[in-house]
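Peer 1: Could you have a look at this structure, given as structure tokens, before my questions?
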Amino acid sequence: MPSALPDGEPVPADGALPASALAGAADRPLGFYLHVPYCATRCGYCDFNTYTATELRGTGGVLASRDNYAETLIDEIRLARKVLGDDPRPVRTVFVGGGTPTLLAAGDLVRMLGAIREEFGLAADAEVTTEANPESVDPAYLAALREGGFNRISFGMQSARQHVLKVLDRTHTPGRPEACVAEARAAGFEHVNLDLIYGTPGESDADWRASLDAAVGAGPDHVSAYALIVEEGTQLARRIRRGEVPMTDDDVHADRYLIAEEMLSAAGFHWYEVSNWATSDAGRCLHNELYWRGADWWGAGPGAHSHVGGVRWWNVKHPGAYAAALAGGRSPGAGREILSDEDRRVERVLLELRLAEGVPLSLLRPEGLKAARRALDEGLLAGGPYGEGRAALTLRGRLLADAVVRDLVD
Amino acid sequence: MPATPNNVPEPSRTDPALIRNFCIIAHIDHGKSTLADRMLQLTGVVEQRQMRAQYLDRMDIERERGITIKSQAVRLPWAPTHDKGNTHILNMIDTPGHVDFTYEVSRSLAACEGTILLVDAAQGIEAQTLANLYLAMENDLTIIPVLNKIDLPAAQPEKFAEELANLVGCEPDDVLKVSAKTGLGVEALLDRVVEEIPAPVGVKDAPARAMIFDSVYDSYRGVVTYVRVVDGQLNKRERIRMMSTGATHELLEIGTNSPEMLPADGLGVGEVGYLITGVKDVRQSKVGDTVTTQQKGAEEPLGGYKDPKPMVFSGLYPLDGSDYPELREALDKLQLNDAALVYEPETSAALGFGFRVGFLGLLHLDVIRERLEREFGLALIATAPNVVYRVIMEDGTEHTVTNPSEFPEGKIHEVYEPVVRATILAPSEFIGAIMELCQARRGTLLGMDYLSEDRVEIRYTLPLAEIVFDFFDQLKSKTRGYASLDYEPTGEQSSSLVKVDILLHGDKVDAFSAITHKDQAYAYGVRLVAKLKELIPRQNFEVPVQAAIGSRVIARETIRAIRKDVLAKCYGGDISRKRKLLEKQKEGKKRMKMVGSVEVPQEAFIAVLSSDDSAGTGKGKK
């Protein structure tokens with residue numbers, strides 16, 4: 001069961017944005033997220049909006065299939081062009097995620113990117129990423145993507161240990177993701193990421209070290225390491241509730257995080273966001289930074305979220321309903337919220353505090369400043385940046401980021 | 001069909017020989033209000049169609065709990081069955097039915113010459129009833145024993161008639177058997193009242209002296225004072241004087257209740273009625289005080305007046321600190337009608353601004369707290385109830401401690417705590433369990449008597465502190481609900497008492513300080529510390545939870561520091577969710593109370609302080 005959408009007000013049928021959303025847009029980068037809601041199998045821990053059926057029927061008999069999915073999504077890109085009107089910005093980042101984007105033919109992904117290029121233009125140094133399943137790519141596929149304009153690729157490695165992959169329902173064989181990195185490099189990808197998950201039931205510290213070893217050994221320039229979150233409604237949550245697998249203790253998560261920090265720094269990676277490390281500034285994921293720095297992005301696809309100038313909206317989740325809306329010439333938007341100034345300030349604090357650069361103290365109100373001082377005294381905020389007017393987390397602070405945010409937004 | 005008899009004597013002109021002043025002593029649920037209702041009907045003062053169940057109990061909470069807090073007096077005309085031409089005036093004085101109101105009961109009894117002892121024929125006499133019966137006997141009241149609910153299948157009239165006869169000192173045949181519900185036997189009972197209860201005796205030409213036996217605040221009329229005239233006469237529009245304070249008031253209205261207020265010219269010897277003077281606060285018209293006239297008034301008050309003395313204290317704090325002014329206003333309002341309610345502002349480091357409130361006892365506390373919550377819509381935290389301690393220091397100075405956190409530091413010579421004489425009635429099979437409980441609560445056995453073959457009366461001296469928390473609950477659970485309890489303060493005793501403080505991260509939590517016997521301090525400390533460890537969420541730092549006597553730590557637990565409080569992922573689609581979650585968490589944080597640097601959920605305070613919590617059961621009491 002995919003995660004629930006937030007509550008919000010309805011989106012106009014034509015998807016029109018309030019004028020305020022587009023004011024000052026030229027100063028903000030614009031990105032595109034393209035969602036591919038298909039997977040070969042559903043992993044037990046996953047709560048993303050994804051489906052294993054290849055054909056899903058929408059209202060009015062509209063067929064949303066894997067085969068015509070690219071065309072449907074391109075319809076939304078064209079809608080985006082209309083909604084954003086004469087916004088002159090070229091697109092700075094494109095990120096194809098899922099689901100499993102590489103279940104689609106490489107040509108589909110390239111065609112979707114082509115539509116963005118056609119409608120908006122791509123910036124000269126645009127970052128174009130796709131997520132990829134290690135088992136669904138080969139050198140030819142990677143070459144086709146590179147050829148079509150993709151320059152960054154992110155592989156879902158999760159773990160180097162078979163027994164851990166099994167709990168996660170991942171079907172790839174250990175070693176395959178590392179091989180993918182080499183194949184991607186060979187195909188000419190400048191930037192390669194490996195996604196890792198720690199704290200899976202049954203994983204030991206040694207397993208986690210082995211995964212980190214394997215990951216850095218493969219030579220990516222970016223590693224994302226996420227604590228496993230057991231989301232309500234997932235198969236894994238049910239298995240834990242039934243006592244079939246043990247729940248991982250928060251203290252274990254903390255230990256694993258510290259191991260990640262230790263091993264990744266030793267391998268030349270620097271953290272730049274709570275769960276993300278890169279070997280250089282150029283290796284950072286610019287697209288994710290758009291999310292974290294309040295830039296504009298259009299999320300196309302079922303259940304995808306967008307943000308433009310303080311308006312957040314989200315699409316209907318079901319691929320059938322999504323296809324039906326676009327086939328009928330309507331926005332697939334299911335709901336939206338228009339952020340108040342205070343909402344935007346709070347979002348900035350909660351997002352930017354997760355970044356290595358931290359959040360400017362000037363964003364805090366008097367109570368928040370007092371809290372920042374306390375956090376500094378408790379060793380949760382770093383002294384150097386604080387002296388320069390920024391609240392930036394220490395290593396211990398990173399593990400308690402949500403608690404710090406709760407105080408800083410006062 | 002009953003009707004008001006002819007030739008009904010008027011107030012102020014009623015021959016004392018025709019007056020009968022009586023009350024009804026009964027346990028909760030034994031049918032006192034139903035009997036009173038039936039009497040109102042039979043004497044014709046309330047028409048059938050006006051009747052609603054329990055006419056005399058006005059407050060909702062009283063009605064719900066089936067208890068009577070405020071008494072009233074009703075003037076009933078009754079022509080005895082064998083003397084129809086000779087209409088008598090029966091003043092029925094309603095008495096409070098609970099242990100906390102012993103003094104008020106004693107004043108109601110003092111206004112009467114006789115009492116109906118009403119007992120449920122299926123249950124027999126209960127401890128509180130017995131206590132009030134003894135009180136009536138001490139006042140030399142004529143007692144008419146009555147078994148009620150004889151129409152119930154479970155009734156055992158023979159068995160309980162014997163029990164009553166033993167207690168009152170009469171023959172079982174003298175015990176009247178009625179059903180207040182159906183009205184069976186009630187006329188005969190009214191006749192018995194006329195026959196057996198003596199007429200009041202007073203000096204008609206003496207200066208007026210009337211005893212206040214109740215005082216009720218009415219939002220339209222101000223304070224309504226109920227009196228029984230002993231000597232002389234009170235007349236309308238006179239100026240009267242309250243003898244305990246010397247305050248004088250104009251008598252705006254004088255009258256009787258039938259059962260609604262009915263103005264009259266005055267009240268003469270032996271009569272019972274009400275006075276209205278325009279005062280707005282029952283403390284200006286105190287139960288037990290003597291009313292006389294300003295001109296040519298009496299010199300000597302009637303005996304027996306006492307200032308109400310709070311026995312049990314509790315801190316009341318609004319859950320939401322901004323409700324403090326509302327709480328003050330609500331207490332002010334309740335005090336208008338409750339001379340026994342005392343309070344003063346108090347500040348707790350843990351709970352913020354509130355009041356230390358003194359009560360006559362536990363029921364009084366419960367009723368007040370419930371009224372504050374229900375009638376005034378206040379959400380409250382109440383600290384565990386405690387008694388008043390007298391602490392003598394080695395240098396001879398003396399402290400009165402009504403709040404455990406104010407227990408003095410330094411060299412203490414002696415500590416005195418109030419003790420009560422407790423009377424417990426129960427089936428004899430529970431003697432062992434009851435004695436075990438009382439011994440564990442530092443009780444001293446005074447004596448034991450069999451009321452009948454299988455029912456006993458057990459008397460103990462117990463520290464009041466041992467009773468105020470959950471003694472009654474424990475007693476009920478150990479006796480499957482069969483035991484009943486009454487107690488009355490009998491003085492104080494010197495005891496080995498210590499204050500146990502609870503420290504969170506080194507800071508004393510004043511709301512959790514407790515005074516316990518030294519033998520129970522360790523158990524109390526261990527239990528509370530374990531409880532708090534369970535209830536307080538992990539913080540950003542390690543939090544030691546300690547129990548200490550002075551500087552000596554007697555129990556310790558540690559709440560480990562939280563090491564991880566961060567959601568790993570934060571994609572574009574997570575942001576709205578994350579912000580909303582944050583808003584929710586902020587709301588949750590508002591319900592936290594800061595103790596030093598430690599965030600303590602209000603639930604933790606409530607769980608630890610509330611009497612139904614396991615931290616509160618067992619022996620070591622606050």
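Scheme for the structure tokens: letters A, B, ... for chains in order shown; per-chain residue numbers from 1; ligand numbers from 1 in order shown.
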Restrict the distance test to only C-alpha atoms, flag each residue of chain A within 7 Å of chain B, and return the flagged residues as a PyMOL selection string.
Peer 2: chain A and resi 6+226-227+250-251+254+275+291+304-305+347+399-403+406
Peer 1: Write down as a ChimeraX atom specification the residues belonging to region 261-384 of chain A that are assigned strand (DSSP E or B) by DSSP computed on the backbone.
Peer 2: /A:270-273,276-278,296-300,305-308,311-315,333-338,355,359-360,381
Peer 1: Okay, now the selection with C-alpha atoms, as a compact mmCIF listing (two decimals), in the first residue's frame?
Peer 2:
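Listing of result_24.txt after writing:
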# COMPACT_ATOMS: atom_id res chain seq x y z
CA HIS A 270 32.09 14.07 2.69
CA TRP A 271 28.58 14.25 4.10
CA TYR A 272 26.54 17.09 2.68
CA GLU A 273 23.10 15.99 3.83
CA ASN A 276 24.14 11.65 1.63
CA TRP A 277 27.87 11.64 1.00
CA ALA A 278 29.87 12.68 -2.09
CA ASP A 296 11.14 24.86 -8.02
CA TRP A 297 10.53 21.42 -9.39
CA TRP A 298 7.78 19.78 -11.34
CA GLY A 299 7.06 16.22 -10.40
CA ALA A 300 5.41 14.35 -13.26
CA HIS A 305 4.85 15.99 -5.76
CA SER A 306 5.72 19.39 -7.18
CA HIS A 307 6.78 22.70 -5.73
CA VAL A 308 6.74 26.05 -7.47
CA VAL A 311 2.82 26.09 -3.86
CA ARG A 312 3.10 22.39 -3.22
CA TRP A 313 0.84 19.99 -5.08
CA TRP A 314 0.63 16.29 -5.69
CA ASN A 315 -0.85 14.12 -8.36
CA GLY A 333 -3.22 17.19 -9.53
CA ALA A 334 -5.08 15.68 -6.56
CA GLY A 335 -4.49 18.46 -4.06
CA ARG A 336 -2.27 21.35 -3.20
CA GLU A 337 -1.30 23.68 -0.43
CA ILE A 338 -0.25 27.28 -0.66
CA LEU A 355 22.57 20.09 5.09
CA VAL A 359 20.61 27.03 8.29
CA PRO A 360 21.28 30.78 8.68
CA LEU A 381 25.48 22.35 16.67
Peer 1: Find the nearest atom pair between each residue of region 283-399 of chain B and region 247-253 of chain B for residues within 9 Å, count only C-alpha atoms, give distances in Å to one decimal, sort rows by chain and ascending number, and present the table as CSV.
Peer 2:
residue,atom,partner,partner_atom,distance
B:Gln284,CA,B:Ala247,CA,8.0
B:Thr293,CA,B:Thr248,CA,8.7
B:Gln294,CA,B:Thr248,CA,6.9
Peer 1: So that I can see what lies close to Thr87 (chain B), please list as a list in words the residues with an atom at most 8 Å from it, counting only C-alpha atoms and leaving out residues fewer than 6 positions away in the same chain.
Peer 2: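 That gives Pro5, Asn6, Asn7, Val8, Pro9, Leu18, Pro77, Trp78, Ala79 and Pro80 of chain B.
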Peer 1: Store the residues picked out above in a file with N, CA and C atoms, as an mmCIF file, in the first residue's frame.
Peer 2:
data_model
loop_
_atom_site.group_PDB
_atom_site.id
_atom_site.type_symbol
_atom_site.label_atom_id
_atom_site.label_comp_id
_atom_site.auth_asym_id
_atom_site.auth_seq_id
_atom_site.Cartn_x
_atom_site.Cartn_y
_atom_site.Cartn_z
ATOM 1 N N PRO B 5 -53.653 18.877 55.241
ATOM 2 C CA PRO B 5 -54.729 18.906 56.237
ATOM 3 C C PRO B 5 -55.219 20.326 56.480
ATOM 4 N N ASN B 6 -56.384 20.436 57.098
ATOM 5 C CA ASN B 6 -56.910 21.749 57.467
ATOM 6 C C ASN B 6 -56.214 22.247 58.730
ATOM 7 N N ASN B 7 -56.472 23.456 59.104
ATOM 8 C CA ASN B 7 -55.972 24.060 60.343
ATOM 9 C C ASN B 7 -54.468 23.920 60.498
ATOM 10 N N VAL B 8 -53.753 24.202 59.429
ATOM 11 C CA VAL B 8 -52.306 24.070 59.536
ATOM 12 C C VAL B 8 -51.757 25.282 60.262
ATOM 13 N N PRO B 9 -51.026 25.060 61.367
ATOM 14 C CA PRO B 9 -50.478 26.206 62.091
ATOM 15 C C PRO B 9 -49.492 26.974 61.225
ATOM 16 N N LEU B 18 -46.747 21.143 69.063
ATOM 17 C CA LEU B 18 -47.181 20.491 67.834
ATOM 18 C C LEU B 18 -46.025 20.253 66.860
ATOM 19 N N PRO B 77 -46.883 19.429 57.090
ATOM 20 C CA PRO B 77 -48.040 19.334 57.991
ATOM 21 C C PRO B 77 -48.549 17.894 58.006
ATOM 22 N N TRP B 78 -48.786 17.369 59.185
ATOM 23 C CA TRP B 78 -49.262 15.975 59.253
ATOM 24 C C TRP B 78 -50.286 15.815 60.363
ATOM 25 N N ALA B 79 -51.459 15.356 59.937
ATOM 26 C CA ALA B 79 -52.496 15.052 60.916
ATOM 27 C C ALA B 79 -52.423 13.560 61.191
ATOM 28 N N PRO B 80 -52.039 13.151 62.420
ATOM 29 C CA PRO B 80 -51.858 11.719 62.687
ATOM 30 C C PRO B 80 -53.144 10.941 62.426
#
Peer 1: Write down as an MDAnalysis selection string the residues belonging to region 168-324 of chain A that are assigned alpha helix (DSSP H) by DSSP computed on the backbone.
Peer 2: chainID A and resid 176:187 205:218 235:241 250:266 286:292 319:324
Peer 1: Selection from above, C-alpha atoms, as a PDB file, in the first residue's frame, can you write it?
Peer 2:
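Done, and the output landed in selection.pdb:
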ATOM      1  CA  ARG A 176      26.042  -7.018  -9.299  1.00  0.00           C
ATOM      2  CA  PRO A 177      25.673  -3.345  -8.178  1.00  0.00           C
ATOM      3  CA  GLU A 178      29.449  -2.952  -7.988  1.00  0.00           C
ATOM      4  CA  ALA A 179      29.705  -4.352 -11.523  1.00  0.00           C
ATOM      5  CA  CYS A 180      27.045  -1.838 -12.595  1.00  0.00           C
ATOM      6  CA  VAL A 181      29.229   1.032 -11.391  1.00  0.00           C
ATOM      7  CA  ALA A 182      32.039  -0.142 -13.668  1.00  0.00           C
ATOM      8  CA  GLU A 183      29.628  -0.578 -16.598  1.00  0.00           C
ATOM      9  CA  ALA A 184      28.231   2.921 -16.035  1.00  0.00           C
ATOM     10  CA  ARG A 185      31.695   4.402 -15.885  1.00  0.00           C
ATOM     11  CA  ALA A 186      32.530   2.546 -19.110  1.00  0.00           C
ATOM     12  CA  ALA A 187      29.401   3.936 -20.737  1.00  0.00           C
ATOM     13  CA  ASP A 205      27.668  -4.308  12.290  1.00  0.00           C
ATOM     14  CA  ALA A 206      30.006  -6.553  10.297  1.00  0.00           C
ATOM     15  CA  ASP A 207      27.428  -6.951   7.506  1.00  0.00           C
ATOM     16  CA  TRP A 208      27.073  -3.206   7.358  1.00  0.00           C
ATOM     17  CA  ARG A 209      30.843  -2.686   7.221  1.00  0.00           C
ATOM     18  CA  ALA A 210      31.034  -5.236   4.421  1.00  0.00           C
ATOM     19  CA  SER A 211      28.362  -3.365   2.464  1.00  0.00           C
ATOM     20  CA  LEU A 212      30.159  -0.052   2.900  1.00  0.00           C
ATOM     21  CA  ASP A 213      33.456  -1.684   1.904  1.00  0.00           C
ATOM     22  CA  ALA A 214      31.922  -3.129  -1.238  1.00  0.00           C
ATOM     23  CA  ALA A 215      30.231   0.163  -2.095  1.00  0.00           C
ATOM     24  CA  VAL A 216      33.262   2.405  -1.763  1.00  0.00           C
ATOM     25  CA  GLY A 217      35.379  -0.267  -3.467  1.00  0.00           C
ATOM     26  CA  ALA A 218      33.205   0.009  -6.566  1.00  0.00           C
ATOM     27  CA  GLN A 235       4.807  -6.264   4.277  1.00  0.00           C
ATOM     28  CA  LEU A 236       7.833  -5.763   6.509  1.00  0.00           C
ATOM     29  CA  ALA A 237       5.730  -3.939   9.116  1.00  0.00           C
ATOM     30  CA  ARG A 238       3.355  -6.894   9.157  1.00  0.00           C
ATOM     31  CA  ARG A 239       6.201  -9.372   9.503  1.00  0.00           C
ATOM     32  CA  ILE A 240       7.639  -7.409  12.420  1.00  0.00           C
ATOM     33  CA  ARG A 241       4.245  -7.177  14.060  1.00  0.00           C
ATOM     34  CA  ASP A 250      17.192   3.086  17.365  1.00  0.00           C
ATOM     35  CA  ASP A 251      20.508   2.781  19.160  1.00  0.00           C
ATOM     36  CA  VAL A 252      21.598   0.203  16.580  1.00  0.00           C
ATOM     37  CA  HIS A 253      20.651   2.646  13.835  1.00  0.00           C
ATOM     38  CA  ALA A 254      22.771   5.262  15.565  1.00  0.00           C
ATOM     39  CA  ASP A 255      25.738   2.878  15.718  1.00  0.00           C
ATOM     40  CA  ARG A 256      25.400   2.012  12.026  1.00  0.00           C
ATOM     41  CA  TYR A 257      25.219   5.656  11.101  1.00  0.00           C
ATOM     42  CA  LEU A 258      28.451   6.323  12.939  1.00  0.00           C
ATOM     43  CA  ILE A 259      30.057   3.390  11.138  1.00  0.00           C
ATOM     44  CA  ALA A 260      28.904   4.838   7.806  1.00  0.00           C
ATOM     45  CA  GLU A 261      30.341   8.223   8.632  1.00  0.00           C
ATOM     46  CA  GLU A 262      33.612   6.691   9.751  1.00  0.00           C
ATOM     47  CA  MET A 263      34.085   4.434   6.716  1.00  0.00           C
ATOM     48  CA  LEU A 264      32.828   6.859   4.107  1.00  0.00           C
ATOM     49  CA  SER A 265      35.039   9.691   5.355  1.00  0.00           C
ATOM     50  CA  ALA A 266      37.980   7.303   5.427  1.00  0.00           C
ATOM     51  CA  LEU A 286      21.981  18.730  -7.463  1.00  0.00           C
ATOM     52  CA  HIS A 287      18.413  17.543  -7.991  1.00  0.00           C
ATOM     53  CA  ASN A 288      18.003  16.555  -4.352  1.00  0.00           C
ATOM     54  CA  GLU A 289      19.531  19.872  -3.363  1.00  0.00           C
ATOM     55  CA  LEU A 290      16.679  21.581  -5.214  1.00  0.00           C
ATOM     56  CA  TYR A 291      14.306  19.865  -2.795  1.00  0.00           C
ATOM     57  CA  TRP A 292      16.327  20.860   0.216  1.00  0.00           C
ATOM     58  CA  PRO A 319      -1.652   5.258 -12.748  1.00  0.00           C
ATOM     59  CA  GLY A 320      -5.106   4.603 -14.235  1.00  0.00           C
ATOM     60  CA  ALA A 321      -6.636   7.735 -12.711  1.00  0.00           C
ATOM     61  CA  TYR A 322      -3.534   9.649 -13.684  1.00  0.00           C
ATOM     62  CA  ALA A 323      -3.724   8.570 -17.325  1.00  0.00           C
ATOM     63  CA  ALA A 324      -7.463   9.239 -17.400  1.00  0.00           C
TER      64      ALA A 324
END
Peer 1: Mind pulling up the distance from CA of Arg13 (chain B) to CA of Leu275 (chain B)?
Peer 2: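 That distance, rounded to one decimal, is 17.1 Å.
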Peer 1: So that I can check the surroundings of Ile254 (chain B), please list as a compact mmCIF listing (two decimals) with N, CA and C atoms, in the first residue's frame every protein, DNA and RNA residue that reaches within 6 Å of it, counting only C-alpha atoms and ignoring chain neighbours fewer than 6 positions away.
Peer 2:
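Once written, part-v8.txt looks like this:
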# COMPACT_ATOMS: atom_id res chain seq x y z
N LYS B 236 -39.39 39.12 60.67
CA LYS B 236 -38.94 39.68 59.40
C LYS B 236 -38.56 41.15 59.58
N PRO B 263 -42.15 32.81 52.24
CA PRO B 263 -41.88 33.83 53.26
C PRO B 263 -42.90 33.77 54.39
N ALA B 264 -42.47 34.16 55.58
CA ALA B 264 -43.36 34.16 56.74
C ALA B 264 -43.08 35.41 57.57
N TYR B 274 -35.75 29.34 57.06
CA TYR B 274 -34.58 29.94 56.40
C TYR B 274 -34.55 31.44 56.62
N LEU B 275 -33.37 32.01 56.47
CA LEU B 275 -33.16 33.45 56.58
C LEU B 275 -32.42 33.92 55.33
Peer 1: May I have the residues within 12 Å of Gly85 (chain A) as a ChimeraX atom specification, using only C-alpha atoms and disregarding those fewer than 6 positions away in the same chain?
Peer 2: /A:15-17,19,22,25,78-79,119-120
Peer 1: For the residues in that selection, give me N, CA and C atoms as an mmCIF file, in the first residue's frame.
Peer 2:
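Result file follows (part02.cif):
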data_model
loop_
_atom_site.group_PDB
_atom_site.id
_atom_site.type_symbol
_atom_site.label_atom_id
_atom_site.label_comp_id
_atom_site.auth_asym_id
_atom_site.auth_seq_id
_atom_site.Cartn_x
_atom_site.Cartn_y
_atom_site.Cartn_z
ATOM 1 N N GLY A 15 -4.755 23.026 -13.906
ATOM 2 C CA GLY A 15 -3.466 22.998 -13.210
ATOM 3 C C GLY A 15 -2.876 24.371 -12.956
ATOM 4 N N ALA A 16 -3.671 25.441 -13.221
ATOM 5 C CA ALA A 16 -3.117 26.799 -13.119
ATOM 6 C C ALA A 16 -2.593 27.087 -11.717
ATOM 7 N N LEU A 17 -1.505 27.845 -11.650
ATOM 8 C CA LEU A 17 -0.897 28.236 -10.387
ATOM 9 C C LEU A 17 -1.273 29.670 -10.059
ATOM 10 N N ALA A 19 -0.636 33.524 -9.269
ATOM 11 C CA ALA A 19 0.411 34.375 -9.836
ATOM 12 C C ALA A 19 1.627 34.439 -8.906
ATOM 13 N N LEU A 22 4.710 32.191 -9.437
ATOM 14 C CA LEU A 22 5.662 32.387 -10.529
ATOM 15 C C LEU A 22 6.486 33.663 -10.354
ATOM 16 N N ALA A 25 10.502 33.769 -10.274
ATOM 17 C CA ALA A 25 10.919 32.417 -10.635
ATOM 18 C C ALA A 25 12.288 32.401 -11.297
ATOM 19 N N ARG A 78 3.923 18.441 -21.229
ATOM 20 C CA ARG A 78 3.347 19.488 -22.095
ATOM 21 C C ARG A 78 2.372 20.361 -21.291
ATOM 22 N N LEU A 79 1.658 19.711 -20.357
ATOM 23 C CA LEU A 79 0.773 20.488 -19.463
ATOM 24 C C LEU A 79 1.611 21.455 -18.623
ATOM 25 N N GLU A 119 10.307 21.196 -24.730
ATOM 26 C CA GLU A 119 9.378 22.184 -24.170
ATOM 27 C C GLU A 119 10.096 23.285 -23.391
ATOM 28 N N PHE A 120 11.158 22.911 -22.679
ATOM 29 C CA PHE A 120 11.781 23.878 -21.772
ATOM 30 C C PHE A 120 13.232 24.210 -22.120
#
Peer 1: Taking 6 positions as the minimum chain separation for residues in the same chain, which residues sit within 7 Å of region 441-451 of chain B when counting only C-alpha atoms? Answer as a list in words.
Peer 2: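 Listed by chain and then number, they are Glu163, Glu457, Ile458, Arg459, Tyr460, Thr461, Leu462, Glu466 and Lys619 of chain B.
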Peer 1: Using N, CA and C atoms, can you export the residues from the last selection as an mmCIF file, in the first residue's frame?
Peer 2:
data_model
loop_
_atom_site.group_PDB
_atom_site.id
_atom_site.type_symbol
_atom_site.label_atom_id
_atom_site.label_comp_id
_atom_site.auth_asym_id
_atom_site.auth_seq_id
_atom_site.Cartn_x
_atom_site.Cartn_y
_atom_site.Cartn_z
ATOM 1 N N GLU B 163 -30.580 -6.915 64.043
ATOM 2 C CA GLU B 163 -29.351 -6.120 64.095
ATOM 3 C C GLU B 163 -29.664 -4.705 64.602
ATOM 4 N N GLU B 457 -18.016 -5.218 63.789
ATOM 5 C CA GLU B 457 -17.579 -3.835 63.780
ATOM 6 C C GLU B 457 -16.153 -3.856 64.311
ATOM 7 N N ILE B 458 -15.202 -3.361 63.468
ATOM 8 C CA ILE B 458 -13.800 -3.349 63.878
ATOM 9 C C ILE B 458 -13.377 -1.897 64.010
ATOM 10 N N ARG B 459 -12.720 -1.582 65.119
ATOM 11 C CA ARG B 459 -12.300 -0.191 65.333
ATOM 12 C C ARG B 459 -10.779 -0.101 65.406
ATOM 13 N N TYR B 460 -10.241 0.817 64.665
ATOM 14 C CA TYR B 460 -8.792 1.014 64.617
ATOM 15 C C TYR B 460 -8.449 2.490 64.786
ATOM 16 N N THR B 461 -7.295 2.748 65.360
ATOM 17 C CA THR B 461 -6.701 4.078 65.227
ATOM 18 C C THR B 461 -5.745 3.996 64.050
ATOM 19 N N LEU B 462 -5.884 4.916 63.111
ATOM 20 C CA LEU B 462 -5.048 4.901 61.908
ATOM 21 C C LEU B 462 -4.557 6.311 61.627
ATOM 22 N N GLU B 466 -2.627 7.496 56.011
ATOM 23 C CA GLU B 466 -2.729 6.151 55.456
ATOM 24 C C GLU B 466 -4.088 5.925 54.806
ATOM 25 N N LYS B 619 1.676 0.530 50.142
ATOM 26 C CA LYS B 619 1.627 1.073 51.488
ATOM 27 C C LYS B 619 2.118 2.505 51.604
#
Peer 1: Quick one: residues within 12 Å of Ala339 (chain B), only C-alpha atoms counted, chain neighbours fewer than 4 positions away excluded, as a ChimeraX atom specification?
Peer 2: /B:70,101,104,214-217,223,280-288,306-310,331-335,343,358-360,364
